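Chemist: Supplied structure: start.cif, mmCIF, C-alpha atoms.
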```cif
data_model
#
loop_
_atom_site.label_atom_id
_atom_site.label_comp_id
_atom_site.auth_asym_id
_atom_site.auth_seq_id
_atom_site.Cartn_x
_atom_site.Cartn_y
_atom_site.Cartn_z
CA MET A 1 0.00 0.00 0.00
CA LEU A 2 2.80 2.38 0.99
CA SER A 3 4.72 1.53 -2.16
CA GLN A 4 1.63 2.38 -4.26
CA TRP A 5 1.49 5.83 -2.68
CA LEU A 6 5.19 6.20 -3.31
CA ALA A 7 4.70 5.27 -7.00
CA ILE A 8 2.01 7.96 -7.33
CA LEU A 9 4.24 10.50 -5.61
CA VAL A 10 7.25 9.67 -7.80
CA THR A 11 5.13 9.94 -10.96
CA LEU A 12 3.80 13.36 -9.89
CA VAL A 13 7.30 14.57 -8.99
CA GLY A 14 8.64 13.36 -12.36
CA TYR A 15 5.82 15.09 -14.22
CA LYS A 16 6.32 18.30 -12.29
CA GLY A 17 10.03 18.16 -13.04
CA ALA A 18 9.35 17.58 -16.73
CA THR A 19 6.94 20.52 -17.02
CA THR A 20 9.47 22.73 -15.26
CA VAL A 21 12.17 21.69 -17.73
CA ASN A 22 9.72 22.21 -20.60
CA ALA A 23 8.86 25.72 -19.44
CA ARG A 24 12.56 26.59 -19.50
CA PHE A 25 13.43 24.69 -22.72
CA PRO A 26 10.24 24.44 -24.82
CA ARG A 27 11.90 22.27 -27.46
CA VAL A 28 12.52 19.43 -25.00
CA GLN A 29 9.78 16.78 -25.12
CA PRO A 30 8.15 16.81 -21.63
CA LEU A 31 6.78 13.26 -21.85
CA LEU A 32 10.23 11.86 -22.59
CA VAL A 33 11.74 13.79 -19.67
CA ALA A 34 8.96 12.66 -17.32
CA VAL A 35 9.38 8.99 -18.28
CA VAL A 36 13.17 9.11 -17.83
CA LEU A 37 12.91 10.97 -14.50
CA VAL A 38 10.27 8.63 -13.09
CA TRP A 39 12.13 5.55 -14.28
CA VAL A 40 15.41 6.67 -12.74
CA ILE A 41 13.87 7.76 -9.42
CA TRP A 42 11.89 4.53 -9.06
CA TRP A 43 14.92 2.44 -10.00
CA ALA A 44 16.92 4.24 -7.30
CA VAL A 45 14.36 4.11 -4.48
CA SER A 46 12.66 0.76 -5.01
CA ASP A 47 13.12 -1.08 -8.34
CA ASP A 48 9.90 -3.04 -7.60
CA TRP A 49 8.07 -2.63 -10.91
CA GLU A 50 4.99 -4.60 -9.92
CA ALA A 51 4.37 -2.16 -7.09
CA PHE A 52 4.97 0.68 -9.50
CA SER A 53 2.30 -0.43 -11.95
CA ALA A 54 -0.12 -1.10 -9.09
CA GLY A 55 0.28 2.52 -7.98
CA GLY A 56 0.51 3.90 -11.49
CA GLN A 57 -2.96 2.58 -12.31
CA TRP A 58 -4.44 5.28 -10.07
CA ILE A 59 -2.96 7.87 -12.40
CA SER A 60 -3.39 6.17 -15.77
CA PHE A 61 -7.08 5.58 -14.96
CA TRP A 62 -7.62 9.29 -15.65
CA LEU A 63 -6.67 8.75 -19.27
CA GLY A 64 -10.26 7.47 -19.70
CA PRO A 65 -12.07 10.65 -18.56
CA ALA A 66 -9.37 12.79 -20.23
CA THR A 67 -10.12 11.12 -23.57
CA VAL A 68 -13.84 11.74 -22.99
CA ALA A 69 -12.94 15.38 -22.29
CA LEU A 70 -11.65 15.70 -25.87
CA ALA A 71 -15.36 15.88 -26.80
CA VAL A 72 -15.33 19.53 -25.68
CA PRO A 73 -12.84 20.90 -28.27
CA LEU A 74 -14.41 18.51 -30.78
CA ALA A 75 -17.96 19.82 -30.18
CA LYS A 76 -16.69 23.40 -30.50
CA GLN A 77 -15.27 22.63 -33.96
CA ILE A 78 -18.04 20.33 -35.18
CA ARG A 79 -19.35 22.77 -37.82
CA GLN A 80 -15.97 23.09 -39.44
CA PHE A 81 -15.54 19.33 -39.34
CA ALA A 82 -18.87 18.84 -41.12
CA HIS A 83 -17.54 21.11 -43.85
CA ILE A 84 -14.32 19.16 -44.50
CA TRP A 85 -15.07 15.60 -43.35
CA ARG A 86 -14.41 14.13 -46.79
CA GLY A 87 -10.83 15.42 -46.79
CA VAL A 88 -10.34 14.11 -43.26
CA LEU A 89 -11.57 10.64 -44.20
CA LEU A 90 -9.38 10.64 -47.30
CA GLY A 91 -6.27 11.70 -45.37
CA VAL A 92 -6.75 9.27 -42.49
CA SER A 93 -7.49 6.36 -44.86
CA ALA A 94 -4.32 7.12 -46.81
CA GLY A 95 -2.25 7.51 -43.63
CA CYS A 96 -3.46 4.24 -42.07
CA ALA A 97 -2.68 2.39 -45.30
CA VAL A 98 0.83 3.86 -45.26
CA ALA A 99 1.25 2.81 -41.61
CA ILE A 100 0.48 -0.84 -42.38
CA VAL A 101 2.25 -1.07 -45.75
CA SER A 102 5.45 0.63 -44.55
CA VAL A 103 5.79 -1.59 -41.45
CA TYR A 104 4.99 -4.68 -43.53
CA ALA A 105 7.52 -3.72 -46.20
CA ILE A 106 10.30 -3.05 -43.67
CA HIS A 107 9.76 -6.41 -41.99
CA TRP A 108 9.53 -8.18 -45.34
CA CYS A 109 12.90 -6.74 -46.39
CA PHE A 110 14.56 -7.99 -43.20
CA GLY A 111 12.64 -11.25 -43.09
CA SER A 112 11.94 -10.74 -39.40
CA ASP A 113 9.80 -12.64 -36.94
CA ASP A 114 6.10 -12.91 -37.83
CA ILE A 115 4.90 -12.33 -34.25
CA LEU A 116 7.01 -9.17 -34.06
CA LEU A 117 5.38 -7.88 -37.25
CA ARG A 118 1.89 -8.69 -35.99
CA SER A 119 2.62 -6.84 -32.74
CA MET A 120 3.61 -3.75 -34.71
CA LEU A 121 0.93 -3.39 -37.38
CA SER A 122 -1.49 -1.43 -35.22
CA LYS A 123 1.07 0.77 -33.46
CA SER A 124 -0.23 4.06 -34.89
CA VAL A 125 -3.65 3.54 -33.32
CA THR A 126 -4.69 4.63 -29.81
CA THR A 127 -3.54 2.09 -27.18
CA PRO A 128 -6.86 0.43 -26.19
CA ILE A 129 -7.69 -0.24 -29.85
CA ALA A 130 -4.12 -1.33 -30.62
CA LEU A 131 -4.21 -3.93 -27.83
CA GLU A 132 -7.42 -5.52 -29.09
CA LEU A 133 -6.38 -5.43 -32.73
CA THR A 134 -3.02 -7.00 -31.91
CA ALA A 135 -4.67 -9.84 -30.01
CA SER A 136 -7.06 -10.47 -32.90
CA ILE A 137 -4.28 -10.72 -35.51
CA GLY A 138 -2.03 -12.95 -33.38
CA GLY A 139 0.49 -10.49 -31.96
CA VAL A 140 1.60 -9.94 -28.35
CA PRO A 141 -0.54 -7.18 -26.74
CA ALA A 142 2.10 -6.18 -24.15
CA LEU A 143 4.66 -5.73 -26.90
CA ALA A 144 2.11 -3.74 -28.91
CA ALA A 145 1.61 -1.45 -25.90
CA PHE A 146 5.33 -0.73 -25.95
CA PHE A 147 5.48 -0.09 -29.71
CA THR A 148 2.35 2.06 -29.57
CA ALA A 149 3.74 4.21 -26.75
CA LEU A 150 7.08 4.55 -28.51
CA THR A 151 5.42 5.47 -31.81
CA GLY A 152 3.47 8.20 -30.03
CA MET A 153 6.65 9.67 -28.56
CA VAL A 154 8.58 9.45 -31.82
CA GLY A 155 5.60 11.05 -33.58
CA VAL A 156 5.73 14.03 -31.23
CA LEU A 157 9.50 14.39 -31.71
CA ILE A 158 9.38 14.28 -35.53
CA ALA A 159 6.24 16.41 -35.90
CA ARG A 160 7.92 19.79 -36.29
CA PRO A 161 10.38 18.91 -39.12
CA VAL A 162 7.93 16.63 -40.98
CA LEU A 163 5.13 19.20 -40.98
CA LYS A 164 7.53 21.90 -42.10
CA TRP A 165 9.02 19.73 -44.83
CA GLY A 166 5.57 18.77 -46.11
CA ARG A 167 4.37 22.39 -45.97
CA ILE A 168 1.47 21.24 -43.78
CA THR A 169 0.33 24.51 -42.21
CA ASP A 170 -3.44 24.35 -41.76
CA ASP A 171 -4.56 23.59 -38.19
CA TRP A 172 -6.86 20.80 -39.39
CA ALA A 173 -4.18 19.19 -41.55
CA ILE A 174 -1.66 19.34 -38.68
CA GLY A 175 -4.09 17.87 -36.14
CA ILE A 176 -5.21 15.07 -38.44
CA ALA A 177 -1.61 14.20 -39.40
CA VAL A 178 -0.38 14.08 -35.79
CA GLY A 179 -3.48 12.23 -34.53
CA THR A 180 -3.21 9.58 -37.26
CA SER A 181 0.47 8.86 -36.72
CA ALA A 182 0.91 9.48 -32.99
CA HIS A 183 -2.61 8.82 -31.58
CA ALA A 184 -3.48 10.18 -28.10
CA ILE A 185 0.13 10.99 -27.18
CA GLY A 186 0.26 13.26 -30.22
CA THR A 187 -3.13 14.71 -29.35
CA ALA A 188 -1.95 15.46 -25.81
CA SER A 189 1.09 17.30 -27.17
CA LEU A 190 -1.01 19.60 -29.37
CA ASN A 191 -3.12 21.06 -26.59
CA ARG A 192 -0.81 23.95 -25.79
CA ILE A 193 -0.68 25.06 -29.40
CA SER A 194 -4.26 25.22 -30.63
CA PRO A 195 -7.74 23.93 -29.68
CA VAL A 196 -8.51 23.37 -33.37
CA GLN A 197 -5.52 21.03 -33.66
CA THR A 198 -6.62 19.17 -30.53
CA ALA A 199 -10.12 18.72 -31.99
CA ALA A 200 -8.74 17.59 -35.36
CA SER A 201 -6.38 15.16 -33.67
CA SER A 202 -9.23 13.65 -31.59
CA VAL A 203 -11.25 13.09 -34.75
CA ALA A 204 -8.24 11.46 -36.44
CA MET A 205 -7.77 9.14 -33.47
CA ILE A 206 -11.30 7.78 -33.76
CA VAL A 207 -11.32 7.52 -37.56
CA ALA A 208 -7.84 5.92 -37.62
CA GLY A 209 -8.98 3.32 -35.09
CA VAL A 210 -11.96 2.31 -37.21
CA VAL A 211 -10.11 2.42 -40.56
CA THR A 212 -7.13 0.40 -39.24
CA SER A 213 -9.46 -2.27 -37.78
CA LEU A 214 -11.02 -2.63 -41.23
CA TYR A 215 -7.63 -2.78 -42.98
CA LEU A 216 -6.37 -5.48 -40.60
CA ILE A 217 -9.29 -7.87 -41.18
CA PRO A 218 -7.25 -9.93 -43.73
CA PHE A 219 -4.55 -10.48 -41.09
CA SER A 220 -6.94 -12.11 -38.62
CA PHE A 221 -7.21 -15.33 -40.63
CA MET B 1 -17.74 23.53 -7.60
CA LYS B 2 -17.84 23.75 -11.40
CA MET B 3 -14.73 21.61 -11.47
CA ILE B 4 -16.37 18.83 -9.45
CA THR B 5 -19.56 18.87 -11.55
CA GLY B 6 -17.49 18.73 -14.71
CA VAL B 7 -15.31 15.85 -13.56
CA ALA B 8 -18.43 13.97 -12.42
CA ILE B 9 -20.03 14.39 -15.85
CA LEU B 10 -16.84 13.24 -17.60
CA LEU B 11 -16.59 10.20 -15.30
CA ALA B 12 -20.25 9.38 -15.93
CA PHE B 13 -19.80 9.51 -19.71
CA TYR B 14 -16.65 7.40 -19.39
CA GLY B 15 -18.54 4.79 -17.36
CA VAL B 16 -21.46 4.72 -19.81
CA GLY B 17 -18.98 4.47 -22.70
CA VAL B 18 -17.19 1.50 -21.16
CA LEU B 19 -20.47 -0.29 -20.38
CA ALA B 20 -21.91 0.44 -23.83
CA SER B 21 -18.78 -0.78 -25.59
CA THR B 22 -18.76 -4.12 -23.71
CA TRP B 23 -22.52 -4.78 -23.62
CA LEU B 24 -23.34 -3.69 -27.15
CA HIS B 25 -20.09 -5.10 -28.59
CA ILE B 26 -19.16 -1.76 -30.16
CA PRO B 27 -15.75 -2.20 -31.83
CA LEU B 28 -14.40 0.98 -30.18
CA PRO B 29 -12.94 1.22 -26.66
CA GLY B 30 -15.09 2.71 -23.90
CA ASN B 31 -13.21 6.01 -23.69
CA LEU B 32 -13.80 6.75 -27.39
CA VAL B 33 -17.48 5.73 -27.13
CA GLY B 34 -17.76 8.09 -24.15
CA MET B 35 -16.11 10.86 -26.19
CA LEU B 36 -18.58 10.36 -29.05
CA LEU B 37 -21.56 10.32 -26.64
CA LEU B 38 -20.43 13.52 -24.91
CA THR B 39 -19.86 15.21 -28.29
CA LEU B 40 -23.42 14.26 -29.20
CA GLY B 41 -24.67 15.60 -25.85
CA LEU B 42 -22.83 18.90 -26.31
CA VAL B 43 -23.89 19.38 -29.94
CA THR B 44 -27.56 18.73 -29.15
CA GLY B 45 -27.32 21.07 -26.14
CA TRP B 46 -28.40 18.32 -23.74
CA ILE B 47 -25.12 18.89 -21.87
CA ARG B 48 -24.19 22.57 -21.51
CA MET B 49 -20.68 23.56 -22.50
CA GLU B 50 -20.09 25.56 -19.30
CA TRP B 51 -20.73 22.46 -17.15
CA VAL B 52 -17.72 20.61 -18.55
CA ASP B 53 -15.51 23.33 -20.03
CA ARG B 54 -13.19 23.88 -17.06
CA ALA B 55 -12.85 20.24 -16.01
CA SER B 56 -12.16 19.14 -19.56
CA SER B 57 -9.47 21.70 -20.25
CA PHE B 58 -7.84 20.75 -16.93
CA LEU B 59 -7.75 17.04 -17.82
CA ILE B 60 -6.61 17.67 -21.40
CA ARG B 61 -3.86 20.00 -20.20
CA HIS B 62 -2.45 17.25 -17.99
CA MET B 63 -3.17 14.36 -20.35
CA MET B 64 0.55 13.69 -20.69
CA LEU B 65 0.78 12.87 -16.97
CA PHE B 66 -1.68 10.00 -17.39
CA PHE B 67 0.58 8.37 -19.97
CA VAL B 68 3.68 8.41 -17.75
CA PRO B 69 2.96 5.24 -15.67
CA ILE B 70 1.92 3.32 -18.81
CA ILE B 71 5.10 4.15 -20.69
CA VAL B 72 7.38 3.64 -17.68
CA GLY B 73 5.67 0.25 -17.24
CA VAL B 74 6.66 -0.93 -20.73
CA VAL B 75 10.24 0.43 -20.70
CA SER B 76 11.51 -3.10 -19.94
CA TYR B 77 10.42 -4.15 -23.45
CA PHE B 78 13.35 -2.18 -24.81
CA LYS B 79 15.25 -5.48 -24.67
CA TRP B 80 13.27 -6.54 -27.76
CA PHE B 81 15.34 -4.11 -29.75
CA ALA B 82 18.27 -6.54 -29.48
CA GLN B 83 16.21 -9.25 -31.19
CA ALA B 84 15.74 -7.31 -34.42
CA PRO B 85 17.29 -3.85 -34.10
CA TRP B 86 16.99 -2.70 -37.70
CA PRO B 87 13.38 -3.59 -38.54
CA ILE B 88 12.21 -2.24 -35.18
CA ALA B 89 14.19 1.00 -35.41
CA LEU B 90 13.11 1.63 -39.01
CA SER B 91 9.45 0.87 -38.26
CA MET B 92 9.60 3.15 -35.26
CA ILE B 93 11.13 6.13 -37.05
CA VAL B 94 10.41 5.88 -40.79
CA ALA B 95 6.80 4.64 -40.53
CA PRO B 96 5.48 7.50 -38.33
CA MET B 97 7.27 10.03 -40.56
CA LEU B 98 5.65 8.62 -43.72
CA VAL B 99 2.22 8.38 -42.05
CA MET B 100 2.37 11.96 -40.80
CA PHE B 101 3.65 13.27 -44.12
CA VAL B 102 1.06 11.48 -46.30
CA THR B 103 -1.90 12.18 -44.00
CA GLY B 104 -1.01 15.85 -43.62
CA ARG B 105 -0.29 16.30 -47.33
CA VAL B 106 -3.65 14.78 -48.34
CA VAL B 107 -5.68 16.89 -45.91
CA GLN B 108 -3.70 20.03 -46.75
CA ALA B 109 -4.20 19.46 -50.50
CA TYR B 110 -7.93 18.89 -49.95
CA LEU B 111 -8.24 22.11 -47.94
CA ASN B 112 -6.22 24.11 -50.48
CA ARG B 113 -8.48 22.87 -53.29
CA GLN B 114 -11.60 23.62 -51.26
CA LYS B 115 -10.38 27.16 -50.59
CA LYS B 116 -9.63 27.71 -54.27
CA GLN B 117 -13.11 26.49 -55.26
CA GLU B 118 -14.73 28.81 -52.76
CA THR B 119 -12.79 31.96 -53.66
CA PRO B 120 -13.69 32.24 -57.38
CA ALA B 121 -17.39 32.19 -56.45
CA SER B 122 -16.99 35.16 -54.12
CA ALA B 123 -14.50 36.88 -56.42
CA ALA B 124 -16.82 36.52 -59.44
CA PRO B 125 -18.57 39.93 -59.21
CA GLU B 126 -15.17 41.64 -59.22
CA ARG B 127 -14.20 39.93 -62.42
CA ARG B 128 -17.46 41.01 -64.06
CA THR B 129 -16.74 44.65 -63.34
CA LEU B 130 -13.30 44.17 -64.86
CA ASP B 131 -14.82 42.73 -68.05
CA ALA B 132 -17.28 45.60 -68.30
#
```
Kindly return the structure encoded in the file as structure tokens.
Modeler:
Amino acid sequence: MLSQWLAILVTLVGYKGATTVNARFPRVQPLLVAVVLVWVIWWAVSDDWEAFSAGGQWISFWLGPATVALAVPLAKQIRQFAHIWRGVLLGVSAGCAVAIVSVYAIHWCFGSDDILLRSMLSKSVTTPIALELTASIGGVPALAAFFTALTGMVGVLIARPVLKWGRITDDWAIGIAVGTSAHAIGTASLNRISPVQTAASSVAMIVAGVVTSLYLIPFSF
Amino acid sequence: MKMITGVAILLAFYGVGVLASTWLHIPLPGNLVGMLLLTLGLVTGWIRMEWVDRASSFLIRHMMLFFVPIIVGVVSYFKWFAQAPWPIALSMIVAPMLVMFVTGRVVQAYLNRQKKQETPASAAPERRTLDA
């Protein structure tokens, strides 16, 4: 019980530290800093990772209501979405196809393990969907959770140069692009920049989840 | 007080979303079902924006915190990198770049085209005066 409280405390301290660093150096990815800080502190004080996840659940539970909360920016932008939904569907469908084909092609070139490939195919989708999809196509859900989290963090790190290089400047295009490739972690990172991007990214997360489930149907046999 | 009401509403929608997704076998996770239901509630005016506005921006602002325990919990899987370093590293870096680029390009191109189609219609009267 005490160790669970300690895990919550360490997570909060790490997060606070990361936001402080981020306020000073805005280019540094706060999530990455928080994860490293928390990992190092916990490794130093306890190293009992089962106790850590037992305590961490009290914090990660709030991801549920926080995702529901994305309905607020979404509802505020719903008129604009109704105006451009065709473009959104087109973009997300193209992006999800690229996600699957590129991962498949890379693994085909290296001739790597089939289970590894199947644990990676849904990594651009939000975690709860990725876990179920991975199980249904014969991958390892825990491994998929890792790849999904890592993809989200990489997505946030590469966003600035990729968007600049692609001359992607419209708030909707940015939000949809980040939401499709980096799911909720990407969505979370957009909040400080623009509510329109947050709304667009939430839409992309839902649409990408549905589209990817449809694309992966052939893999479930 | 507004904060507590807002969080309670968000929790309620989350709970309903989770129950609906398991009972009705909706192929979306409970949190996304809850998000869709709340969007519907807000758009129809059944839920007032000011009830949930403050609580939702608070939770969204700190959304990153809620990911920290999950990611720290899977850090041990880094050892998988040793199994197949190249395919994993490439899939982790190249794939998200391509996905972001293609998705963004398609939406941006669609929006640019839409803007172009809308401007000539509004610019038409100007052109007429030029012709005359």
Chemist: Write out as a PDB file with C-alpha atoms, in the frame of the given file each polymer residue whose atoms come within 10 Å of Leu31 (chain A), counting all atoms listed in the file; drop sequence neighbours fewer than 2 positions from it.
Modeler:
```pdb
ATOM      1  CA  GLY A  14       8.640  13.360 -12.360  1.00  0.00           C
ATOM      2  CA  TYR A  15       5.820  15.090 -14.220  1.00  0.00           C
ATOM      3  CA  ALA A  18       9.350  17.580 -16.730  1.00  0.00           C
ATOM      4  CA  THR A  19       6.940  20.520 -17.020  1.00  0.00           C
ATOM      5  CA  ASN A  22       9.720  22.210 -20.600  1.00  0.00           C
ATOM      6  CA  VAL A  28      12.520  19.430 -25.000  1.00  0.00           C
ATOM      7  CA  GLN A  29       9.780  16.780 -25.120  1.00  0.00           C
ATOM      8  CA  VAL A  33      11.740  13.790 -19.670  1.00  0.00           C
ATOM      9  CA  ALA A  34       8.960  12.660 -17.320  1.00  0.00           C
ATOM     10  CA  VAL A  35       9.380   8.990 -18.280  1.00  0.00           C
ATOM     11  CA  VAL A  36      13.170   9.110 -17.830  1.00  0.00           C
ATOM     12  CA  LEU A  37      12.910  10.970 -14.500  1.00  0.00           C
ATOM     13  CA  MET A 153       6.650   9.670 -28.560  1.00  0.00           C
ATOM     14  CA  VAL A 156       5.730  14.030 -31.230  1.00  0.00           C
ATOM     15  CA  ILE A 185       0.130  10.990 -27.180  1.00  0.00           C
ATOM     16  CA  ALA A 188      -1.950  15.460 -25.810  1.00  0.00           C
ATOM     17  CA  SER A 189       1.090  17.300 -27.170  1.00  0.00           C
TER      18      SER A 189
ATOM     19  CA  MET B  64       0.550  13.690 -20.690  1.00  0.00           C
ATOM     20  CA  LEU B  65       0.780  12.870 -16.970  1.00  0.00           C
ATOM     21  CA  PHE B  67       0.580   8.370 -19.970  1.00  0.00           C
ATOM     22  CA  VAL B  68       3.680   8.410 -17.750  1.00  0.00           C
ATOM     23  CA  ILE B  71       5.100   4.150 -20.690  1.00  0.00           C
TER      24      ILE B  71
END
```
Chemist: Give me the residues near Thr148 (chain A) as a ChimeraX atom specification, where near means some atom within 8 Å (using all atoms listed in the file) and where sequence neighbours in that chain fewer than 2 positions away do not count.
Modeler: /A:120,122-127,130,144-146,150-152
Chemist: Output C-alpha atoms for every residue in the selection just made, as a tab-separated table (two decimals), in the coordinates of the input.
Modeler:
```
chain	number	residue	atom	x	y	z
A	120	MET	CA	3.61	-3.75	-34.71
A	122	SER	CA	-1.49	-1.43	-35.22
A	123	LYS	CA	1.07	0.77	-33.46
A	124	SER	CA	-0.23	4.06	-34.89
A	125	VAL	CA	-3.65	3.54	-33.32
A	126	THR	CA	-4.69	4.63	-29.81
A	127	THR	CA	-3.54	2.09	-27.18
A	130	ALA	CA	-4.12	-1.33	-30.62
A	144	ALA	CA	2.11	-3.74	-28.91
A	145	ALA	CA	1.61	-1.45	-25.90
A	146	PHE	CA	5.33	-0.73	-25.95
A	150	LEU	CA	7.08	4.55	-28.51
A	151	THR	CA	5.42	5.47	-31.81
A	152	GLY	CA	3.47	8.20	-30.03
```
Chemist: Using the chain letters and numbers from the file, which residues does the PyMOL selection byres ((chain B) within 7 of (chain A)) grab, as a PyMOL selection string?
Modeler: chain B and resi 10-11+14+28-29+31-32+34-36+38-39+42-43+53+56+59-61+63-74+77+87+91-93+95-108+110
Chemist: How big is the axis-aligned box around all listed atoms of region 3-12 of chain A once 6 Å goes on each side, and where's its centre, in Å to one decimal, as JSON?
Modeler:
```
{"center_x": 4.4, "center_y": 7.4, "center_z": -6.6, "size_x": 17.8, "size_y": 23.8, "size_z": 20.8}
```
Chemist: Just give me the gap between CA of Gln77 (chain A) and CA of Ala200 (chain A) in Å, one decimal is fine.
Modeler: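 Computing the Euclidean distance for CA of Gln77 (chain A) and CA of Ala200 (chain A) yields 8.4 Å.
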Chemist: Please measure the separation of CA of Ala199 (chain A) and CA of Ala12 (chain B), giving the value in Å to one decimal.
Modeler: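 So the two atoms, CA of Ala199 (chain A) and CA of Ala12 (chain B), lie 21.2 Å apart.
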Chemist: For a test of reading the model, state the distance in Å between CA of Trp51 (chain B) and CA of Gly6 (chain B), rounded to one decimal.
Modeler: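 CA of Trp51 (chain B) sits 5.5 Å away from CA of Gly6 (chain B).
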Chemist: Counting all atoms listed in the file, which residue out of A:Trp43, A:Ser3, A:His183, A:Pro26 sits closest to Ser76 (chain B)?
Modeler: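 Residue with the minimum atom-to-atom distance to Ser76 (chain B): A:Trp43.
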